[in-house]
$ cat protein_23.txt   # compact mmCIF, C-alpha atoms
# COMPACT_ATOMS: atom_id res chain seq x y z
CA MET A 16 65.22 72.06 85.58
CA ASP A 17 61.43 72.40 85.23
CA THR A 18 60.97 68.77 86.24
CA ILE A 19 63.16 69.10 89.35
CA LEU A 20 61.67 72.39 90.52
CA SER A 21 58.09 71.63 89.46
CA PRO A 22 56.91 71.12 93.07
CA LEU A 23 58.35 74.53 93.97
CA TYR A 24 56.54 76.12 91.02
CA TYR A 25 53.30 74.92 92.52
CA ALA A 26 54.29 76.07 96.01
CA VAL A 27 55.34 79.56 94.89
CA SER A 28 52.36 80.05 92.58
CA TRP A 29 49.96 78.86 95.31
CA ILE A 30 51.36 81.34 97.85
CA ILE A 31 51.13 84.20 95.33
CA VAL A 32 47.54 83.26 94.41
CA GLN A 33 46.49 83.21 98.08
CA PHE A 34 47.99 86.64 98.75
CA HIS A 35 46.48 87.95 95.50
CA SER A 36 43.06 86.79 96.60
CA PHE A 37 43.49 88.76 99.84
CA TYR A 38 44.77 91.95 98.21
CA SER A 39 42.03 91.79 95.57
CA LEU A 40 39.61 92.66 98.37
CA ILE A 41 41.42 95.99 98.77
CA PHE A 42 42.78 96.79 95.29
CA ASN A 43 41.74 96.02 91.74
CA ALA A 44 42.45 92.36 90.98
CA ASN A 45 44.28 93.33 87.77
CA SER A 46 46.34 96.12 89.34
CA GLY A 47 50.06 96.13 89.95
CA ALA A 48 49.39 96.82 93.64
CA ALA A 49 47.56 93.52 94.14
CA TRP A 50 50.19 91.45 92.30
CA GLY A 51 53.18 93.45 93.54
CA LEU A 52 52.12 93.19 97.18
CA SER A 53 51.59 89.46 96.67
CA ILE A 54 55.26 89.11 95.68
CA VAL A 55 56.36 91.29 98.61
CA SER A 56 54.30 89.14 100.98
CA LEU A 57 55.93 86.03 99.51
CA VAL A 58 59.34 87.48 100.40
CA VAL A 59 58.26 88.37 103.94
CA LEU A 60 56.86 84.88 104.51
CA ILE A 61 60.04 83.20 103.26
CA ARG A 62 62.29 85.48 105.35
CA ILE A 63 60.28 84.85 108.50
CA CYS A 64 60.75 81.12 107.97
CA LEU A 65 64.49 81.70 107.51
CA ILE A 66 65.01 83.64 110.77
CA PRO A 67 66.56 80.59 112.55
CA LEU A 68 69.03 80.25 109.69
CA PHE A 69 69.79 83.97 109.92
CA VAL A 70 70.60 83.64 113.63
CA LYS A 71 72.85 80.72 112.80
CA GLN A 72 74.53 82.83 110.12
CA ILE A 73 75.30 85.61 112.63
CA LYS A 74 76.82 83.17 115.11
CA SER A 75 78.89 81.53 112.40
CA THR A 76 80.16 84.91 111.15
CA ARG A 77 81.24 85.92 114.66
CA ASN A 78 82.96 82.59 115.25
CA MET A 79 84.81 82.95 111.96
CA GLN A 80 85.99 86.41 112.97
CA ALA A 81 87.26 85.06 116.29
CA LEU A 82 89.07 82.17 114.58
CA GLN A 83 90.85 84.27 111.97
CA PRO A 84 94.13 84.72 113.95
CA LYS A 85 94.33 80.95 114.60
CA MET A 86 93.52 80.18 110.97
CA LYS A 87 96.24 82.53 109.82
CA ALA A 88 98.74 80.86 112.17
CA ILE A 89 97.85 77.43 110.74
CA GLN A 90 98.28 78.71 107.19
CA GLU A 91 101.71 80.11 108.02
CA ARG A 92 102.79 76.98 109.85
CA TYR A 93 101.70 74.49 107.17
CA LYS A 94 101.99 76.66 104.06
CA SER A 95 104.08 73.97 102.31
CA ASP A 96 101.69 71.12 103.22
CA LYS A 97 98.18 71.82 101.94
CA GLN A 98 96.74 68.53 103.11
CA ARG A 99 97.95 69.02 106.69
CA GLN A 100 96.69 72.61 106.52
CA SER A 101 93.18 71.40 105.57
CA GLU A 102 93.22 68.80 108.33
CA GLU A 103 94.20 71.37 110.96
CA MET A 104 91.50 73.75 109.69
CA MET A 105 88.81 71.07 109.95
CA LYS A 106 90.07 70.20 113.42
CA LEU A 107 89.83 73.86 114.45
CA TYR A 108 86.26 74.11 113.08
CA LYS A 109 85.26 70.96 114.95
CA GLU A 110 86.76 72.11 118.27
CA SER A 111 85.08 75.51 118.07
CA GLY A 112 81.77 74.18 116.72
CA THR A 113 81.93 76.46 113.66
CA ASN A 114 80.61 75.62 110.20
CA PRO A 115 81.93 77.89 107.40
CA LEU A 116 78.85 77.13 105.27
CA SER A 117 76.47 78.46 107.93
CA SER A 118 77.03 82.03 106.73
CA CYS A 119 75.70 81.02 103.29
CA LEU A 120 72.62 79.13 104.51
CA PRO A 121 70.05 81.98 104.11
CA ILE A 122 71.19 82.66 100.53
CA LEU A 123 71.22 78.97 99.65
CA ALA A 124 67.78 78.45 101.19
CA GLN A 125 66.31 81.36 99.21
CA SER A 126 67.78 80.33 95.88
CA PRO A 127 65.14 77.68 94.99
CA PHE A 128 62.28 80.12 95.69
CA PHE A 129 64.05 82.82 93.71
CA ILE A 130 64.49 80.53 90.70
CA SER A 131 60.89 79.32 90.99
CA LEU A 132 59.51 82.87 91.01
CA TYR A 133 61.68 83.70 88.00
CA GLN A 134 60.25 80.74 86.10
CA VAL A 135 56.66 81.55 87.10
CA LEU A 136 57.01 85.13 85.81
CA SER A 137 58.71 83.90 82.65
CA HIS A 138 55.75 81.60 81.98
CA ILE A 139 53.40 84.57 82.46
CA ALA A 140 55.44 86.63 79.97
CA GLN A 141 55.22 83.75 77.46
CA ASN A 142 51.44 83.52 78.04
CA LYS A 143 51.74 80.04 79.58
CA THR A 144 49.95 78.72 82.65
CA VAL A 145 52.14 77.42 85.46
CA GLY A 146 51.31 75.79 88.79
CA PHE A 147 48.15 77.35 90.22
CA ILE A 148 48.19 80.23 87.70
CA ASP A 149 45.19 79.33 85.51
CA PRO A 150 44.22 81.22 82.32
CA THR A 151 42.09 83.73 84.24
CA LEU A 152 44.90 84.61 86.66
CA LEU A 153 47.36 84.59 83.76
CA ALA A 154 45.38 87.29 81.95
CA SER A 155 45.11 89.29 85.18
CA ALA A 156 48.87 89.06 85.84
CA GLN A 157 49.69 90.23 82.31
CA LYS A 158 47.58 93.35 82.83
CA ALA A 159 49.33 94.20 86.13
CA HIS A 160 51.80 97.07 85.81
CA ILE A 161 54.09 98.63 88.42
CA PHE A 162 54.59 102.31 87.60
CA GLY A 163 53.83 101.49 83.96
CA ALA A 164 56.12 98.41 83.71
CA PRO A 165 54.53 94.93 83.40
CA LEU A 166 55.54 92.35 86.01
CA ALA A 167 56.90 89.99 83.35
CA ALA A 168 58.85 92.61 81.33
CA LYS A 169 62.67 92.83 81.31
CA PHE A 170 65.12 95.63 80.55
CA MET A 171 66.54 93.69 77.57
CA ASP A 172 63.15 92.81 76.05
CA SER A 173 62.44 93.99 72.52
CA ALA A 174 59.98 96.78 71.82
CA ALA A 175 57.54 94.32 70.15
CA LYS A 176 57.46 92.05 73.20
CA ILE A 177 56.98 94.96 75.61
CA GLN A 178 54.16 96.37 73.44
CA SER A 179 52.44 92.97 73.51
CA LEU A 180 52.31 93.34 77.30
CA GLY A 181 50.70 96.76 76.92
CA ALA A 182 53.65 99.01 77.88
CA SER A 183 56.35 101.17 76.33
CA VAL A 184 60.10 100.56 76.22
CA THR A 185 60.84 103.83 78.04
CA ASP A 186 58.59 102.99 81.00
CA VAL A 187 60.07 99.52 81.37
CA ARG A 188 63.68 100.67 81.22
CA VAL A 189 63.22 103.62 83.57
CA VAL A 190 61.48 101.45 86.17
CA THR A 191 64.03 98.63 85.90
CA VAL A 192 67.01 101.00 86.14
CA ILE A 193 65.58 102.69 89.25
CA MET A 194 64.94 99.31 90.90
CA ILE A 195 68.44 98.04 90.03
CA VAL A 196 70.01 101.19 91.52
CA LEU A 197 67.94 100.78 94.70
CA MET A 198 68.92 97.12 94.94
CA SER A 199 72.63 97.91 94.56
CA ALA A 200 72.47 100.82 97.03
CA SER A 201 70.67 98.75 99.68
CA GLN A 202 73.16 95.91 99.29
CA PHE A 203 76.13 98.29 99.55
CA TYR A 204 74.71 100.00 102.65
CA THR A 205 74.00 96.64 104.32
CA GLN A 206 77.54 95.42 103.74
CA ARG A 207 79.11 98.74 104.74
CA GLN A 208 77.09 98.83 107.96
CA LEU A 209 78.42 95.38 108.80
CA MET A 210 82.03 96.46 108.12
CA THR A 211 82.00 99.80 109.94
CA LYS A 212 79.83 99.02 112.96
CA ASN A 213 79.74 95.31 113.70
CA VAL A 214 83.37 94.24 113.26
CA ASP A 215 86.03 94.15 115.97
CA LEU A 216 88.47 96.73 114.57
CA THR A 217 91.18 95.78 117.08
CA VAL A 218 91.83 92.55 115.17
CA LYS A 219 92.97 92.86 111.54
CA THR A 220 92.19 89.63 109.70
CA PRO A 221 91.84 88.46 106.07
CA PHE A 222 88.12 88.02 106.75
CA MET A 223 87.76 91.80 106.99
CA GLN A 224 89.45 92.23 103.62
CA GLN A 225 87.11 89.67 102.08
CA GLN A 226 84.06 91.46 103.47
CA LYS A 227 85.36 94.78 102.20
CA MET A 228 85.81 93.30 98.73
CA LEU A 229 82.28 91.86 98.74
CA MET A 230 80.96 95.31 99.66
CA TYR A 231 81.94 96.48 96.18
CA VAL A 232 81.46 93.23 94.24
CA PHE A 233 77.81 92.54 95.15
CA PRO A 234 76.40 95.87 93.85
CA VAL A 235 78.15 95.28 90.53
CA MET A 236 76.66 91.78 90.35
CA PHE A 237 73.18 93.20 90.97
CA ALA A 238 73.66 95.72 88.19
CA VAL A 239 74.87 93.08 85.71
CA PHE A 240 72.27 90.42 86.42
CA GLY A 241 69.40 92.82 87.12
CA ILE A 242 68.95 93.83 83.48
CA ASN A 243 68.04 90.22 82.63
CA PHE A 244 65.38 89.77 85.33
CA PRO A 245 61.65 90.50 85.04
CA VAL A 246 60.20 93.41 87.00
CA GLY A 247 58.46 90.97 89.38
CA VAL A 248 61.79 89.34 90.23
CA LEU A 249 63.34 92.78 90.80
CA VAL A 250 60.50 93.49 93.24
CA TYR A 251 61.34 90.22 95.03
CA TRP A 252 65.08 91.03 95.14
CA LEU A 253 64.63 94.62 96.30
CA THR A 254 62.24 93.50 99.04
CA THR A 255 64.64 90.84 100.34
CA ASN A 256 67.52 93.38 100.35
CA VAL A 257 65.47 95.88 102.37
CA TRP A 258 64.42 93.10 104.76
CA THR A 259 68.06 92.04 105.23
CA MET A 260 69.11 95.64 105.87
CA GLY A 261 66.40 96.20 108.51
CA GLN A 262 67.04 92.82 110.15
CA GLN A 263 70.76 93.51 110.36
CA MET A 264 70.21 97.00 111.83
CA PHE A 265 68.05 95.42 114.56
CA VAL A 266 70.63 92.75 115.36
CA ILE A 267 73.56 95.20 115.37
CA ARG A 268 71.71 97.53 117.74
CA ARG A 269 70.53 94.84 120.15
CA ASN A 270 73.33 92.28 119.99
CA PRO A 271 76.52 93.75 118.47
CA THR A 272 79.89 92.04 118.17
CA PRO A 273 82.10 92.67 121.25
CA GLY A 274 84.86 95.16 120.50
CA SER A 275 82.98 96.79 117.63
CA LYS A 276 81.78 100.38 117.34
CA ALA A 277 78.15 99.27 117.73
CA TYR A 278 79.09 97.45 120.97
CA THR A 279 80.63 100.62 122.42
CA GLU A 280 77.53 102.64 121.48
CA ARG A 281 75.27 100.05 123.09
CA GLN A 282 77.31 100.10 126.30
CA GLU A 283 77.02 103.90 126.42
CA ARG A 284 73.24 103.74 125.94
CA LEU A 285 72.84 101.19 128.70
CA ARG A 286 75.09 103.22 130.99
CA ALA A 287 73.07 106.37 130.35
CA GLN A 288 69.83 104.50 131.10
CA GLY A 289 71.28 103.07 134.31
CA LYS A 290 70.92 99.49 133.05
CA LEU A 291 74.65 98.79 132.92
CA VAL A 292 76.08 98.13 136.40
CA GLU A 293 79.88 98.16 136.54
CA SER A 294 81.91 96.51 139.27
CA PRO A 295 83.60 98.75 141.90
CA VAL A 296 87.01 97.59 140.67
CA GLU A 297 86.30 98.82 137.12
CA ILE A 298 84.95 102.13 138.41
CA ALA A 299 88.00 102.69 140.65
CA ALA A 300 90.37 101.83 137.78
CA LYS A 301 88.63 104.31 135.46
CA GLU A 302 88.68 107.06 138.11
CA ALA A 303 92.38 106.48 138.82
CA ALA A 304 93.21 106.59 135.13
CA GLU A 305 91.24 109.80 134.66
CA GLU A 306 92.85 111.44 137.70
CA ALA A 307 96.33 110.47 136.50
CA ARG A 308 95.58 111.87 133.08
CA GLN A 309 94.43 115.20 134.55
CA ASN A 310 97.40 115.52 136.93
CA ARG A 311 99.99 114.67 134.36
CA GLN A 312 101.86 117.82 133.28
CA GLN A 313 103.81 117.84 130.10
CA PRO A 314 107.13 119.82 130.13
CA LYS A 315 106.86 123.17 128.43
CA ARG A 316 108.74 123.47 125.22
CA GLN A 317 111.33 126.26 125.01
CA THR A 318 112.13 128.21 121.92
CA LYS A 319 115.57 128.02 120.38
CA ALA A 320 116.37 131.58 121.52
CA LYS A 321 115.57 130.70 125.16
CA ARG A 322 117.70 127.55 125.05
CA GLN A 323 120.65 129.45 123.57
CA GLY A 324 120.21 132.32 126.09
CA GLY A 325 120.31 129.85 128.99
CA ALA A 326 123.49 128.29 127.67
CA SER A 327 125.15 131.74 127.31
CA VAL A 328 124.27 132.67 130.90
CA GLY A 329 125.75 129.43 132.15
CA THR A 330 128.94 129.93 130.16
CA GLY A 331 129.36 133.53 131.45
CA THR A 332 128.88 132.44 135.03
CA GLY A 333 131.48 129.72 134.66
CA THR A 334 133.97 132.16 133.11
CA ALA A 335 133.49 134.71 135.92
CA THR A 336 133.91 132.02 138.53
CA GLY A 337 137.10 130.78 136.91
CA THR A 338 138.52 134.31 136.71
CA ALA A 339 137.82 134.96 140.42
CA GLN A 340 139.54 131.69 141.34
CA ASN A 341 142.61 132.64 139.28
CA ARG A 342 142.76 136.03 141.00
CA THR A 343 142.55 134.45 144.45
CA ARG A 344 145.32 131.99 143.53
CA ALA A 345 147.54 134.85 142.31
CA SER A 346 146.98 136.84 145.51
CA SER A 347 147.91 133.81 147.62
CA SER A 348 151.09 133.30 145.62
CA ALA A 349 152.10 136.97 146.04
CA GLY A 350 151.48 136.84 149.79
CA SER A 351 153.60 133.73 150.17
CA SER A 352 156.47 135.31 148.20
CA GLU A 353 156.52 138.42 150.42
CA ALA A 354 156.51 136.32 153.60
CA SER A 355 159.45 134.25 152.34
CA GLN A 356 161.48 137.37 151.44
CA ASP A 357 160.93 138.87 154.91
CA ALA A 358 162.12 135.67 156.52
CA LYS A 359 165.34 135.67 154.48
CA GLU A 360 166.13 139.31 155.40
CA LYS A 361 165.75 138.53 159.10
CA GLY A 362 167.86 135.40 158.75
CA GLY A 363 165.07 133.22 159.95
CA THR A 364 163.77 129.99 158.59
CA PRO A 365 160.74 130.25 156.50
CA ALA A 366 157.59 128.41 157.52
CA LYS A 367 156.59 125.08 156.09
CA GLY A 368 154.71 126.81 153.40
CA GLY A 369 157.76 128.96 152.80
CA ALA A 370 159.55 126.40 150.68
CA SER A 371 156.64 126.10 148.38
CA GLY A 372 156.23 129.88 148.54
CA SER A 373 159.94 130.32 147.67
CA ARG A 374 159.64 127.93 144.81
CA ASN A 375 156.53 129.79 143.64
CA THR A 376 158.48 133.08 144.01
CA LYS A 377 161.40 131.76 141.99
CA SER A 378 159.04 130.39 139.43
CA GLY A 379 157.27 133.74 139.35
CA GLN A 380 160.62 135.50 138.95
CA ARG A 381 161.57 133.26 136.09
CA LYS A 382 158.24 133.77 134.38
CA GLY A 383 157.26 137.32 135.31
CA GLN A 384 160.62 139.15 136.01
CA GLN A 385 163.85 139.39 134.05
CA ARG A 386 167.29 139.14 135.77
CA PRO A 387 169.61 142.18 135.34
CA LYS A 388 172.21 141.76 132.68
CA HIS A 389 175.82 141.09 133.67
CA PRO A 390 178.07 144.18 133.46
CA SER A 391 180.21 142.51 130.88
CA LYS A 392 177.18 142.08 128.58
CA LYS A 393 176.21 145.75 128.68
$ encode --input "protein_23.txt" --output "structure tokens"
Amino acid sequence: MDTILSPLYYAVSWIIVQFHSFYSLIFNANSGAAWGLSIVSLVVLIRICLIPLFVKQIKSTRNMQALQPKMKAIQERYKSDKQRQSEEMMKLYKESGTNPLSSCLPILAQSPFFISLYQVLSHIAQNKTVGFIDPTLLASAQKAHIFGAPLAAKFMDSAAKIQSLGASVTDVRVVTVIMIVLMSASQFYTQRQLMTKNVDLTVKTPFMQQQKMLMYVFPVMFAVFGINFPVGVLVYWLTTNVWTMGQQMFVIRRNPTPGSKAYTERQERLRAQGKLVESPVEIAAKEAAEEARQNRQQPKRQTKAKRQGGASVGTGTGTATGTAQNRTRASSSAGSSEASQDAKEKGGTPAKGGASGSRNTKSGQRKGQQRPKHPSKK
């Protein structure tokens, strides 16, 4: 490993020495400020060089989000044929110009520098020169403390080793724990900001579930691995996390994903500033929708008592109407019977309605009146 990364040891150590020479003009050459700021400047320089890869990562992430429904359809269609599924996936990536590894490029590009810095600080802790760190700079780096913790000290180091670096176990462990907590919190906030603000929530895809899982996995990884890293490496890691968080906030504010919450907020800001010009068709559609919403009246709900009261009134009205009709019908029948009787007494022929009236009279006599009993039955 040392043989393969030896050129990077020289590159990293040279950059740190150059920044240390600059900060020594402001701070004490043996102070933690001079050496700590040198490591921070190393991170800033590396991240500036990686900006093109970061832009590529953002584009790749968005393309992957857009392709998730098609990828899911391919998986469902060829779930029994893994080879055909892989071929269709590669064909989809090629047609859309998307590379799944592009989202990992910034992390992969930083890894060699991260490992090189770790090895440089480990050599300093072991009192060994490395790269451009000569014996004079080695002695200066060993004296550098950040809030009482040496740059080369680790959380898991023994008390004897920490005392040889001129510090106490308590100082080292308090500083390392605080830095690990800050690293985990910054990573969690960065991932959560991406999930809540810069994701199209109208499309539910497995990619969103993966990102949500990583939001909780990464902080745990920082906590586990952080206790085995020197303080200088923790400074490097915390700085790169803060840089990533700020860079992502800038990108989300200026160029959010369409359909996301950040995109809606950006559209509202531009509209308030008068920089967003909408077409007359969109304006007319919004006005019509708003007017329809205001004019729409929902039916008022009635209580159970009112509904039952209305039904009772209707039933009473129907009963009264039916009774009046029965009375009218009875009056008509009585009138017809009287007319038919008069016609018989005069010996005349009853009118056309007389037959029906006579029948109604006879029927009424059968139903309503009783015939006198025969004298023999008395």
$ atom_distance --input "protein_23.txt" --atom1 "atom CA of A:Tyr38" --atom2 "atom CA of A:Tyr133"
21.4 Å
$ closest_residue --input "protein_23.txt" --among "A:Thr191, A:Thr272, A:Ser21, A:Gln288" --to "A:Gly146" --atoms "only C-alpha atoms"
A:Ser21
$ closest_atom_pairs --input "protein_23.txt" --of "stretch 79-134 of chain A" --to "stretch 242-250 of chain A" --cutoff "12 Å" --atoms "only C-alpha atoms" --output "CSV"
residue,atom,partner,partner_atom,distance
A:Phe128,CA,A:Val248,CA,10.7
A:Phe129,CA,A:Val248,CA,7.7
A:Ile130,CA,A:Val248,CA,9.2
A:Ser131,CA,A:Val248,CA,10.1
A:Leu132,CA,A:Val248,CA,6.9
A:Tyr133,CA,A:Val248,CA,6.1
A:Gln134,CA,A:Val248,CA,9.7
$ atom_distance --input "protein_23.txt" --atom1 "atom CA of A:Tyr251" --atom2 "atom CA of A:Leu166"
10.9 Å
$ closest_residue --input "protein_23.txt" --among "A:Val70, A:Ile193, A:Ile31, A:Ala200" --to "A:Asn270" --atoms "only C-alpha atoms"
A:Val70
